[in-house]
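As provided, work.cif (mmCIF, C-alpha atoms) reads as follows.
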```cif
data_run
#
loop_
_atom_site.label_atom_id
_atom_site.label_comp_id
_atom_site.auth_asym_id
_atom_site.auth_seq_id
_atom_site.Cartn_x
_atom_site.Cartn_y
_atom_site.Cartn_z
CA MET A 6 0.00 0.00 0.00
CA LYS A 7 2.78 2.44 0.93
CA GLU A 8 4.60 1.64 -2.30
CA ILE A 9 1.57 2.54 -4.42
CA LEU A 10 1.08 5.84 -2.61
CA SER A 11 4.74 6.81 -2.86
CA VAL A 12 4.91 6.40 -6.66
CA CYS A 13 3.10 9.66 -7.35
CA ARG A 14 2.33 12.36 -4.86
CA ASN A 15 -0.10 14.56 -6.75
CA SER A 16 -3.74 14.27 -5.71
CA ARG A 17 -4.97 13.52 -9.20
CA SER A 18 -3.07 10.25 -9.48
CA LEU A 19 -3.78 9.31 -5.87
CA SER A 20 -7.50 9.67 -6.37
CA PHE A 21 -7.26 7.60 -9.56
CA ARG A 22 -5.40 4.85 -7.68
CA ARG A 23 -7.99 4.90 -4.87
CA ARG A 24 -10.82 4.57 -7.38
CA GLN A 25 -8.94 1.77 -9.08
CA ARG A 26 -8.53 -0.17 -5.81
CA MET A 27 -12.20 0.37 -4.91
CA ASN A 28 -13.37 -0.86 -8.32
CA GLU A 29 -10.83 -3.60 -9.04
CA ASP A 30 -13.33 -5.56 -11.10
CA SER A 31 -14.62 -2.51 -12.97
CA SER A 32 -13.71 -1.03 -16.33
CA VAL A 33 -11.01 1.17 -14.72
CA LYS A 34 -8.71 -1.83 -14.45
CA THR A 35 -9.46 -2.83 -18.05
CA PHE A 36 -8.74 0.72 -19.25
CA THR A 37 -5.39 0.81 -17.41
CA GLU A 38 -4.39 -2.59 -18.81
CA LYS A 39 -5.32 -1.47 -22.35
CA MET A 40 -3.22 1.71 -22.05
CA SER A 41 -0.19 -0.34 -20.99
CA SER A 42 -0.43 -2.84 -23.84
CA PRO A 43 2.20 -2.60 -26.60
CA VAL A 44 1.17 -1.26 -30.02
CA CYS A 45 2.92 -2.18 -33.27
CA VAL A 46 4.02 1.08 -34.94
CA GLY A 47 5.78 -0.36 -37.99
CA THR A 48 8.51 -2.63 -39.21
CA GLU A 49 12.08 -2.23 -38.07
CA ASP A 50 13.33 -1.66 -41.63
CA ASP A 51 10.74 1.03 -42.43
CA LEU A 52 11.36 2.96 -39.20
CA LYS A 53 15.14 2.85 -39.70
CA LYS A 54 14.74 4.45 -43.14
CA GLN A 55 12.55 7.27 -41.82
CA ARG A 56 14.61 8.00 -38.65
CA LYS A 57 11.67 9.98 -37.15
CA THR A 58 8.09 8.76 -37.31
CA MET A 59 4.99 10.24 -35.72
CA VAL A 60 2.43 7.63 -34.60
CA THR A 61 -0.64 7.42 -32.39
CA VAL A 62 -0.52 4.97 -29.48
CA HIS A 63 -3.80 4.55 -27.58
CA GLY A 64 -4.89 8.02 -28.70
CA ARG A 65 -1.59 9.75 -27.75
CA GLU A 66 0.74 11.39 -30.30
CA VAL A 67 4.17 9.78 -30.01
CA VAL A 68 7.32 10.24 -32.07
CA VAL A 69 9.57 7.22 -32.64
CA PHE A 70 13.25 7.88 -33.34
CA CYS A 71 15.86 5.56 -34.79
CA HIS A 72 19.33 6.80 -33.89
CA ALA A 73 22.59 4.82 -33.99
CA GLY A 74 20.66 1.57 -34.42
CA ARG A 75 18.45 2.09 -31.34
CA PHE A 76 14.78 3.04 -31.13
CA TYR A 77 13.37 5.67 -28.78
CA ALA A 78 9.84 6.98 -28.25
CA MET A 79 8.52 10.10 -26.52
CA ASP A 80 5.55 12.44 -26.59
CA CYS A 81 5.46 14.30 -29.88
CA ARG A 82 5.03 17.78 -28.37
CA CYS A 83 7.89 19.56 -26.57
CA TYR A 84 7.44 20.17 -22.84
CA HIS A 85 8.35 23.87 -23.21
CA ALA A 86 5.75 25.21 -25.66
CA GLY A 87 4.34 22.24 -27.56
CA GLY A 88 6.78 22.36 -30.47
CA PRO A 89 6.59 19.45 -32.95
CA LEU A 90 9.55 17.23 -31.99
CA HIS A 91 9.11 15.04 -35.06
CA LEU A 92 10.41 18.04 -37.08
CA GLY A 93 13.49 18.53 -34.88
CA GLU A 94 17.07 17.43 -35.53
CA ILE A 95 18.95 14.82 -33.50
CA GLU A 96 22.31 15.88 -32.02
CA ASP A 97 24.81 14.17 -29.76
CA ILE A 98 25.39 16.29 -26.65
CA ASN A 99 27.87 15.09 -24.03
CA GLY A 100 27.59 11.57 -25.44
CA GLN A 101 23.78 11.57 -25.26
CA ALA A 102 21.45 11.51 -28.24
CA CYS A 103 19.13 14.54 -28.03
CA ILE A 104 16.25 15.92 -30.06
CA VAL A 105 16.39 19.68 -30.61
CA CYS A 106 12.96 21.29 -30.64
CA PRO A 107 12.54 23.25 -33.88
CA TRP A 108 10.67 26.11 -32.20
CA HIS A 109 12.97 27.24 -29.36
CA LYS A 110 15.98 24.89 -29.67
CA TYR A 111 15.33 23.11 -26.35
CA LYS A 112 17.46 19.98 -26.10
CA ILE A 113 15.87 16.77 -24.78
CA THR A 114 17.64 13.44 -24.30
CA LEU A 115 16.05 10.62 -26.28
CA ALA A 116 16.70 7.96 -23.63
CA THR A 117 15.36 9.70 -20.51
CA GLY A 118 13.48 12.87 -21.55
CA GLU A 119 15.81 15.14 -19.57
CA GLY A 120 15.95 18.78 -20.59
CA LEU A 121 19.54 19.98 -21.07
CA TYR A 122 20.95 23.51 -20.94
CA GLN A 123 24.37 25.14 -20.94
CA ALA A 124 25.46 27.01 -17.84
CA VAL A 125 28.44 29.11 -16.84
CA ASN A 126 29.39 29.49 -13.20
CA PRO A 127 30.55 33.11 -12.78
CA ARG A 128 32.62 32.13 -9.72
CA GLU A 129 34.77 29.69 -11.71
CA PRO A 130 37.67 31.01 -13.77
CA SER A 131 36.75 28.73 -16.68
CA SER A 132 34.35 30.55 -18.97
CA SER A 133 33.40 27.51 -21.04
CA PRO A 134 29.76 26.52 -20.58
CA LYS A 135 28.88 23.09 -19.17
CA TRP A 136 25.85 21.00 -20.00
CA ARG A 137 23.44 20.60 -17.09
CA SER A 138 20.18 18.75 -16.61
CA LYS A 139 16.84 20.40 -15.82
CA GLY A 140 15.51 16.99 -14.82
CA VAL A 141 13.08 14.76 -16.67
CA LYS A 142 10.63 17.05 -18.48
CA GLN A 143 9.55 15.00 -21.50
CA ARG A 144 7.57 11.76 -21.24
CA THR A 145 9.42 8.83 -22.84
CA HIS A 146 7.87 5.47 -23.69
CA SER A 147 9.20 1.89 -23.93
CA VAL A 148 10.17 0.51 -27.33
CA ALA A 149 10.65 -3.17 -28.12
CA VAL A 150 11.65 -4.88 -31.36
CA GLU A 151 10.23 -8.35 -31.87
CA GLY A 152 10.04 -10.39 -35.04
CA GLY A 153 11.05 -7.42 -37.20
CA ASN A 154 8.24 -5.22 -35.81
CA VAL A 155 8.61 -2.23 -33.49
CA TYR A 156 6.24 -1.95 -30.52
CA VAL A 157 5.65 1.08 -28.28
CA THR A 158 4.24 0.81 -24.76
CA LEU A 159 3.10 4.03 -23.07
CA SER A 160 4.82 4.85 -19.80
CA ASP A 161 2.87 5.21 -16.54
CA LEU A 162 0.59 8.19 -17.19
CA ASP A 163 -0.28 8.54 -13.48
CA CYS A 164 3.00 10.38 -12.74
CA ARG A 165 2.69 13.71 -14.53
CA LYS A 166 5.51 15.13 -16.66
CA GLU A 167 5.64 18.65 -18.07
CA SER A 168 5.09 17.38 -21.62
CA ASP A 169 1.69 15.94 -20.58
CA TYR A 170 0.12 19.40 -20.72
CA TYR A 171 0.82 19.77 -24.45
CA ALA A 172 0.14 16.09 -25.20
CA ASP A 173 -3.34 16.51 -23.69
CA LYS A 174 -3.91 19.93 -25.26
CA PHE A 175 -3.04 18.86 -28.80
CA ASN A 176 -4.84 15.52 -28.41
CA LYS A 177 -8.08 17.34 -27.58
CA ARG A 178 -7.58 19.69 -30.52
CA ILE A 179 -7.11 16.77 -32.90
CA ASN A 180 -10.28 15.03 -31.74
CA TYR A 181 -12.60 17.99 -32.44
CA PRO A 182 -14.98 17.34 -35.34
CA VAL A 183 -14.12 19.13 -38.55
CA LYS A 184 -16.93 21.31 -39.91
CA LYS A 185 -17.36 21.52 -43.66
#
```

Show me the file's structure as structure tokens.
Amino acid sequence: MKEILSVCRNSRSLSFRRRQRMNEDSSVKTFTEKMSSPVCVGTEDDLKKQRKTMVTVHGREVVVFCHAGRFYAMDCRCYHAGGPLHLGEIEDINGQACIVCPWHKYKITLATGEGLYQAVNPREPSSSPKWRSKGVKQRTHSVAVEGGNVYVTLSDLDCRKESDYYADKFNKRINYPVKK
């Protein structure tokens, strides 16, 4: 019980977990299991050719990257202002593969979703900037390759990340009916 409560501290996820425990046989459990099931997003060969592919996994916009023979997945919209990460360039920064947001040049590690920035300590004689982490800002998702197909599994959506705001905002915008 303590382990479940310590995973996320915000009231929104706690109330969701309480409802889930109260209704273990209800549709809440089925919904959670469905959201955590892997989704095939394409073949390994096709995704390697494209390098960056935008897909929808359980109604969420996700971008899948192929960099240096490895696959990564994260929310498609940047945590800073909702920039389209599938249009960004991949750079190696301090030995880490990063996507650079095309709108404001924010750098996000592909593996962990950490935001990176350069900082100079005015008290140090060295004036060369050093790369620092802002912490995990962008939601990343699990990627598995099996039988030549690439599968994406959404990460635990109960623990909020900054990118969730734009993922939700753009998802709602996409689902509005188009008037002719």

Residue contacts of segment 109-118 of chain A (9 Å, only C-alpha atoms) excluding same-chain residues fewer than 4 positions away, as a VMD selection string: chain A and resid 70 77 to 79 83 85 to 86 88 93 95 to 96 98 101 to 105 122 140 to 145

Residues as selected, C-alpha atoms, written as a PDB file, in the frame of the given file, can you do that?
```
ATOM      1  CA  PHE A  70      13.250   7.880 -33.340  1.00  0.00           C
ATOM      2  CA  TYR A  77      13.370   5.670 -28.780  1.00  0.00           C
ATOM      3  CA  ALA A  78       9.840   6.980 -28.250  1.00  0.00           C
ATOM      4  CA  MET A  79       8.520  10.100 -26.520  1.00  0.00           C
ATOM      5  CA  CYS A  83       7.890  19.560 -26.570  1.00  0.00           C
ATOM      6  CA  HIS A  85       8.350  23.870 -23.210  1.00  0.00           C
ATOM      7  CA  ALA A  86       5.750  25.210 -25.660  1.00  0.00           C
ATOM      8  CA  GLY A  88       6.780  22.360 -30.470  1.00  0.00           C
ATOM      9  CA  GLY A  93      13.490  18.530 -34.880  1.00  0.00           C
ATOM     10  CA  ILE A  95      18.950  14.820 -33.500  1.00  0.00           C
ATOM     11  CA  GLU A  96      22.310  15.880 -32.020  1.00  0.00           C
ATOM     12  CA  ILE A  98      25.390  16.290 -26.650  1.00  0.00           C
ATOM     13  CA  GLN A 101      23.780  11.570 -25.260  1.00  0.00           C
ATOM     14  CA  ALA A 102      21.450  11.510 -28.240  1.00  0.00           C
ATOM     15  CA  CYS A 103      19.130  14.540 -28.030  1.00  0.00           C
ATOM     16  CA  ILE A 104      16.250  15.920 -30.060  1.00  0.00           C
ATOM     17  CA  VAL A 105      16.390  19.680 -30.610  1.00  0.00           C
ATOM     18  CA  TYR A 122      20.950  23.510 -20.940  1.00  0.00           C
ATOM     19  CA  GLY A 140      15.510  16.990 -14.820  1.00  0.00           C
ATOM     20  CA  VAL A 141      13.080  14.760 -16.670  1.00  0.00           C
ATOM     21  CA  LYS A 142      10.630  17.050 -18.480  1.00  0.00           C
ATOM     22  CA  GLN A 143       9.550  15.000 -21.500  1.00  0.00           C
ATOM     23  CA  ARG A 144       7.570  11.760 -21.240  1.00  0.00           C
ATOM     24  CA  THR A 145       9.420   8.830 -22.840  1.00  0.00           C
TER      25      THR A 145
END
```

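Atom CA of Met59 of chain A is positioned 17.1 Å from atom CA of Val150 of chain A.
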
Can you write out as JSON lines which residues of segment 35-118 of chain A fall within 7 Å of segment 161-179 of chain A, alongside each residue's closest atom pair and its distance in Å to one decimal, counting only C-alpha atoms and ordering rows by chain and ascending residue number?
```
{"residue": "A:Arg65", "atom": "CA", "partner": "A:Asn176", "partner_atom": "CA", "distance": 6.7}
{"residue": "A:Glu66", "atom": "CA", "partner": "A:Ala172", "partner_atom": "CA", "distance": 7.0}
{"residue": "A:Asp80", "atom": "CA", "partner": "A:Ala172", "partner_atom": "CA", "distance": 6.7}
{"residue": "A:Arg82", "atom": "CA", "partner": "A:Ala172", "partner_atom": "CA", "distance": 6.1}
{"residue": "A:Cys83", "atom": "CA", "partner": "A:Ser168", "partner_atom": "CA", "distance": 6.1}
{"residue": "A:Tyr84", "atom": "CA", "partner": "A:Ser168", "partner_atom": "CA", "distance": 3.8}
{"residue": "A:Gly87", "atom": "CA", "partner": "A:Tyr171", "partner_atom": "CA", "distance": 5.3}
```

Atomic separation - atom CA of Thr61 of chain A relative to atom CA of Ser147 of chain A, Å: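 Computing the Euclidean distance for atom CA of Ser147 of chain A and atom CA of Thr61 of chain A yields 14.1 Å.
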
Given all atoms listed in the file as the counted atoms, nearest of A:Gln123, A:Val148, A:Arg75, A:Glu94 to Ser160 of chain A: A:Val148

A:Gly47, A:Pro107, A:Cys81, A:Ser41: which is nearest His63 of chain A, counting all atoms listed in the file? A:Ser41

Report, in Å to a single decimal, how far apart atom CA of Val46 of chain A and atom CA of Ala149 of chain A are.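 Between atom CA of Ala149 of chain A and atom CA of Val46 of chain A the gap works out to 10.4 Å.
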
Step by step, work through what the PyMOL selection byres ((chain A and resi 49) around 7) selects in the shown file, and finish by giving those residues as a list in words.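 When the PyMOL selection byres ((chain A and resi 49) around 7) is applied to the shown file, the picked residues are Gly47, Thr48, Asp50, Asp51, Leu52, Lys53, Gly153, Asn154 and Val155 of chain A.
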
Around segment 75-83 of chain A, with edges along x, y and z and 6 Å added on all six sides, what centre and edge lengths do you get, in Å to one decimal, as AutoDock Vina command-line options?
```
--center_x 11.7 --center_y 10.8 --center_z -28.9 --size_x 25.4 --size_y 29.5 --size_z 16.8
```

Specify as a list in words each residue included when the PyMOL selection byres ((chain A and resi 124) around 9) is applied to this file.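 With the PyMOL selection byres ((chain A and resi 124) around 9) on this model, the match is Tyr122, Gln123, Val125, Asn126, Ser133, Pro134, Lys135, Trp136 and Arg137 of chain A.
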
Rank nothing, just name the residue among A:Val44, A:Leu90, A:Cys106, A:Leu121 nearest to Gly64 of chain A, using all atoms listed in the file. A:Val44

Close residues, Ser42 of chain A itself excluded, 10 Å, all atoms listed in the file, min 5 positions apart in chain, as a PyMOL selection string: chain A and resi 37+62-63+156-159

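Distance annotation: of A:Lys139, A:Gly120, A:His146, A:Cys45, the residue with the minimal separation from Val67 of chain A is A:His146; atom set is all atoms listed in the file.
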
Rebuild N, CA and C atoms on segment 36-60 of chain A, as a PDB file, in the coordinates of the input?
```pdb
ATOM      1  N   PHE A  36      -9.267  -0.452 -18.564  1.00  0.00           N
ATOM      2  CA  PHE A  36      -8.740   0.720 -19.250  1.00  0.00           C
ATOM      3  C   PHE A  36      -7.240   0.860 -19.003  1.00  0.00           C
ATOM      4  N   THR A  37      -6.805   0.687 -17.750  1.00  0.00           N
ATOM      5  CA  THR A  37      -5.390   0.810 -17.410  1.00  0.00           C
ATOM      6  C   THR A  37      -4.579  -0.277 -18.112  1.00  0.00           C
ATOM      7  N   GLU A  38      -5.101  -1.510 -18.139  1.00  0.00           N
ATOM      8  CA  GLU A  38      -4.390  -2.590 -18.810  1.00  0.00           C
ATOM      9  C   GLU A  38      -4.280  -2.320 -20.306  1.00  0.00           C
ATOM     10  N   LYS A  39      -5.345  -1.778 -20.918  1.00  0.00           N
ATOM     11  CA  LYS A  39      -5.320  -1.470 -22.350  1.00  0.00           C
ATOM     12  C   LYS A  39      -4.259  -0.414 -22.652  1.00  0.00           C
ATOM     13  N   MET A  40      -4.180   0.629 -21.821  1.00  0.00           N
ATOM     14  CA  MET A  40      -3.220   1.710 -22.050  1.00  0.00           C
ATOM     15  C   MET A  40      -1.787   1.224 -21.926  1.00  0.00           C
ATOM     16  N   SER A  41      -1.553   0.148 -21.173  1.00  0.00           N
ATOM     17  CA  SER A  41      -0.190  -0.340 -20.990  1.00  0.00           C
ATOM     18  C   SER A  41       0.163  -1.467 -21.957  1.00  0.00           C
ATOM     19  N   SER A  42      -0.733  -1.778 -22.881  1.00  0.00           N
ATOM     20  CA  SER A  42      -0.430  -2.840 -23.840  1.00  0.00           C
ATOM     21  C   SER A  42       0.396  -2.280 -24.995  1.00  0.00           C
ATOM     22  N   PRO A  43       1.363  -3.073 -25.502  1.00  0.00           N
ATOM     23  CA  PRO A  43       2.200  -2.600 -26.600  1.00  0.00           C
ATOM     24  C   PRO A  43       1.419  -2.480 -27.905  1.00  0.00           C
ATOM     25  N   VAL A  44       1.809  -1.498 -28.724  1.00  0.00           N
ATOM     26  CA  VAL A  44       1.170  -1.260 -30.020  1.00  0.00           C
ATOM     27  C   VAL A  44       2.249  -1.329 -31.097  1.00  0.00           C
ATOM     28  N   CYS A  45       1.989  -2.095 -32.149  1.00  0.00           N
ATOM     29  CA  CYS A  45       2.920  -2.180 -33.270  1.00  0.00           C
ATOM     30  C   CYS A  45       2.837  -0.875 -34.066  1.00  0.00           C
ATOM     31  N   VAL A  46       3.991  -0.208 -34.243  1.00  0.00           N
ATOM     32  CA  VAL A  46       4.020   1.080 -34.940  1.00  0.00           C
ATOM     33  C   VAL A  46       4.681   0.990 -36.308  1.00  0.00           C
ATOM     34  N   GLY A  47       5.169  -0.181 -36.674  1.00  0.00           N
ATOM     35  CA  GLY A  47       5.780  -0.360 -37.990  1.00  0.00           C
ATOM     36  C   GLY A  47       6.846  -1.426 -37.964  1.00  0.00           C
ATOM     37  N   THR A  48       7.426  -1.661 -39.133  1.00  0.00           N
ATOM     38  CA  THR A  48       8.510  -2.630 -39.210  1.00  0.00           C
ATOM     39  C   THR A  48       9.837  -1.945 -38.887  1.00  0.00           C
ATOM     40  N   GLU A  49      10.757  -2.733 -38.433  1.00  0.00           N
ATOM     41  CA  GLU A  49      12.080  -2.230 -38.070  1.00  0.00           C
ATOM     42  C   GLU A  49      12.760  -1.566 -39.265  1.00  0.00           C
ATOM     43  N   ASP A  50      12.681  -2.199 -40.429  1.00  0.00           N
ATOM     44  CA  ASP A  50      13.330  -1.660 -41.630  1.00  0.00           C
ATOM     45  C   ASP A  50      12.730  -0.325 -42.051  1.00  0.00           C
ATOM     46  N   ASP A  51      11.398  -0.216 -42.039  1.00  0.00           N
ATOM     47  CA  ASP A  51      10.740   1.030 -42.430  1.00  0.00           C
ATOM     48  C   ASP A  51      11.080   2.179 -41.483  1.00  0.00           C
ATOM     49  N   LEU A  52      11.078   1.899 -40.177  1.00  0.00           N
ATOM     50  CA  LEU A  52      11.360   2.960 -39.200  1.00  0.00           C
ATOM     51  C   LEU A  52      12.826   3.387 -39.246  1.00  0.00           C
ATOM     52  N   LYS A  53      13.721   2.478 -39.572  1.00  0.00           N
ATOM     53  CA  LYS A  53      15.140   2.850 -39.700  1.00  0.00           C
ATOM     54  C   LYS A  53      15.350   3.788 -40.875  1.00  0.00           C
ATOM     55  N   LYS A  54      14.623   3.585 -41.960  1.00  0.00           N
ATOM     56  CA  LYS A  54      14.740   4.450 -43.140  1.00  0.00           C
ATOM     57  C   LYS A  54      14.243   5.860 -42.850  1.00  0.00           C
ATOM     58  N   GLN A  55      13.163   5.972 -42.063  1.00  0.00           N
ATOM     59  CA  GLN A  55      12.550   7.270 -41.820  1.00  0.00           C
ATOM     60  C   GLN A  55      13.246   8.063 -40.708  1.00  0.00           C
ATOM     61  N   ARG A  56      13.916   7.411 -39.805  1.00  0.00           N
ATOM     62  CA  ARG A  56      14.610   8.000 -38.650  1.00  0.00           C
ATOM     63  C   ARG A  56      13.685   8.635 -37.631  1.00  0.00           C
ATOM     64  N   LYS A  57      12.641   9.363 -38.063  1.00  0.00           N
ATOM     65  CA  LYS A  57      11.670   9.980 -37.150  1.00  0.00           C
ATOM     66  C   LYS A  57      10.282   9.692 -37.698  1.00  0.00           C
ATOM     67  N   THR A  58       9.428   9.123 -36.859  1.00  0.00           N
ATOM     68  CA  THR A  58       8.090   8.760 -37.310  1.00  0.00           C
ATOM     69  C   THR A  58       7.091   9.162 -36.240  1.00  0.00           C
ATOM     70  N   MET A  59       6.051   9.878 -36.650  1.00  0.00           N
ATOM     71  CA  MET A  59       4.990  10.240 -35.720  1.00  0.00           C
ATOM     72  C   MET A  59       3.886   9.194 -35.808  1.00  0.00           C
ATOM     73  N   VAL A  60       3.466   8.660 -34.657  1.00  0.00           N
ATOM     74  CA  VAL A  60       2.430   7.630 -34.600  1.00  0.00           C
ATOM     75  C   VAL A  60       1.450   7.981 -33.487  1.00  0.00           C
TER      76      VAL A  60
END
```
